[in-house]
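All remarks here apply to the structure that follows.
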Amino acid sequence: MAGLRRGIRWWAAAAVLTCVVMLIMPPEVSAVRYIVGGNMGWTTNVNYTVWAQGKQFYLGDWLFFVYDRNQMNVLEVNSTDYDNCISDHPLHDWTTGAGREVVPLNVTKTRYFISGKGFCFGGVKVAIHVEKPPPPPTYSPQKSVSPGLLNSFRAQIFVPVLFAVAAAWDSFLLRL
Ligand SMILES: *[C@@H]1O[C@H](CO)[C@@H](O)[C@H](O)[C@H]1NC(C)=O
Ligand SMILES: *[C@@H]1O[C@H](CO)[C@@H](O)[C@H](O)[C@H]1NC(C)=O
Ligand SMILES: *[C@@H]1O[C@H](CO)[C@@H](O)[C@H](O)[C@H]1NC(C)=O
């Protein structure tokens, strides 16, 4: 019994340590999925130029458009049509009608997205400059995912994990 208990404690300690290490580690390892407009999503009254500012979009990252499917859509256009909000002949219509579209940033160029149905004129448009990722050997901690996104990601994933581990630990200690 004592051995089992010690084993579980070790396991719990290891789990907590793993979480702590994950919290400390930079997010460099994986591609980033950007929710366009953050908490607001793809809608009116968001300045997407401001939203995109300070973010670096790398090849392999993803854009995630979350929107009211009865209103907005997601069209990829060229720079001229972006500037003039022309939605008649998009390069690509990403709209599936689900209100959630995932766009892979798999080409290094500036990509232009607008909503048709007149919303582009109200500012529902975003230009995304996609760059090559920095070379992997030169480790640089400042891949600038916005701190907000990073923190919310951590809060969403790691905090519940920590709580779950803590809860599991408690229940083990209570039960044994
Ligand atoms: C968005 O913000 C930028 C930078 O502050 C500004 O230049 C631009 O006019 C704004 N766009 C809209 C549609 O308000
Ligand atoms: C964008 O597409 C329109 C229509 O096909 C074309 O007239 C315009 O020249 C294009 N602009 C650029 C920058 O390629
Ligand atoms: C990028 O992804 C789109 C959608 O999945 C695909 O249609 C396109 O062929 C891809 N382009 C490249 C260069 O991989």
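Ordering of the structure tokens sets the chain letters (A, B, ...); residue numbers start at 1 within each chain; ligands are numbered from 1 in the order shown.
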
Test item: residues lying within 6 Å of ligand 1 with only C-alpha atoms and all ligand atoms, as a PyMOL selection string = chain A and resi 47+49-50+123

message = Hey, which residues sit close to ligand 3? Say within 12 Å, counting only C-alpha atoms and all ligand atoms, and write them as number ranges by chain.
response = A: 59-63, 76, 91-94, 101-109, 111

task = Using only C-alpha atoms and all ligand atoms, determine which residues fall within 9 Å of ligand 2, then list them as a ChimeraX atom specification.
result = /A:77-82,86,88-91

Take the residues that were just selected and, keeping N, CA and C atoms, output them as a JSON list (two decimals), in the first residue's frame.
```json
[["chain", "number", "residue", "atom", "x", "y", "z"],
["A", 77, "VAL", "N", -9.08, 37.42, -52.25],
["A", 77, "VAL", "CA", -9.05, 38.24, -53.47],
["A", 77, "VAL", "C", -7.64, 38.75, -53.72],
["A", 78, "ASN", "N", -7.43, 39.43, -54.83],
["A", 78, "ASN", "CA", -6.12, 40.04, -55.05],
["A", 78, "ASN", "C", -6.12, 41.46, -54.46],
["A", 79, "SER", "N", -4.96, 42.08, -54.51],
["A", 79, "SER", "CA", -4.81, 43.35, -53.79],
["A", 79, "SER", "C", -5.74, 44.45, -54.31],
["A", 80, "THR", "N", -5.95, 44.44, -55.61],
["A", 80, "THR", "CA", -6.85, 45.45, -56.20],
["A", 80, "THR", "C", -8.27, 45.30, -55.65],
["A", 81, "ASP", "N", -8.73, 44.06, -55.67],
["A", 81, "ASP", "CA", -10.09, 43.80, -55.19],
["A", 81, "ASP", "C", -10.20, 44.01, -53.68],
["A", 82, "TYR", "N", -9.10, 43.77, -52.99],
["A", 82, "TYR", "CA", -9.07, 44.04, -51.54],
["A", 82, "TYR", "C", -9.23, 45.53, -51.29],
["A", 86, "ILE", "N", -14.04, 44.54, -54.03],
["A", 86, "ILE", "CA", -14.74, 43.90, -55.15],
["A", 86, "ILE", "C", -14.78, 42.39, -54.89],
["A", 88, "ASP", "N", -16.74, 40.16, -56.75],
["A", 88, "ASP", "CA", -17.36, 39.44, -57.88],
["A", 88, "ASP", "C", -16.53, 38.26, -58.36],
["A", 89, "HIS", "N", -15.23, 38.38, -58.32],
["A", 89, "HIS", "CA", -14.40, 37.30, -58.86],
["A", 89, "HIS", "C", -13.24, 37.00, -57.90],
["A", 90, "PRO", "N", -13.58, 36.37, -56.79],
["A", 90, "PRO", "CA", -12.52, 36.05, -55.82],
["A", 90, "PRO", "C", -11.55, 35.03, -56.38],
["A", 91, "LEU", "N", -10.32, 35.06, -55.88],
["A", 91, "LEU", "CA", -9.35, 34.02, -56.22],
["A", 91, "LEU", "C", -9.80, 32.69, -55.65]]
```

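The nearest approach to Gly97 in chain A among the residues A:Tyr67, A:Tyr58, A:Trp51, A:Phe119, with only C-alpha atoms taken into account, belongs to A:Tyr67.
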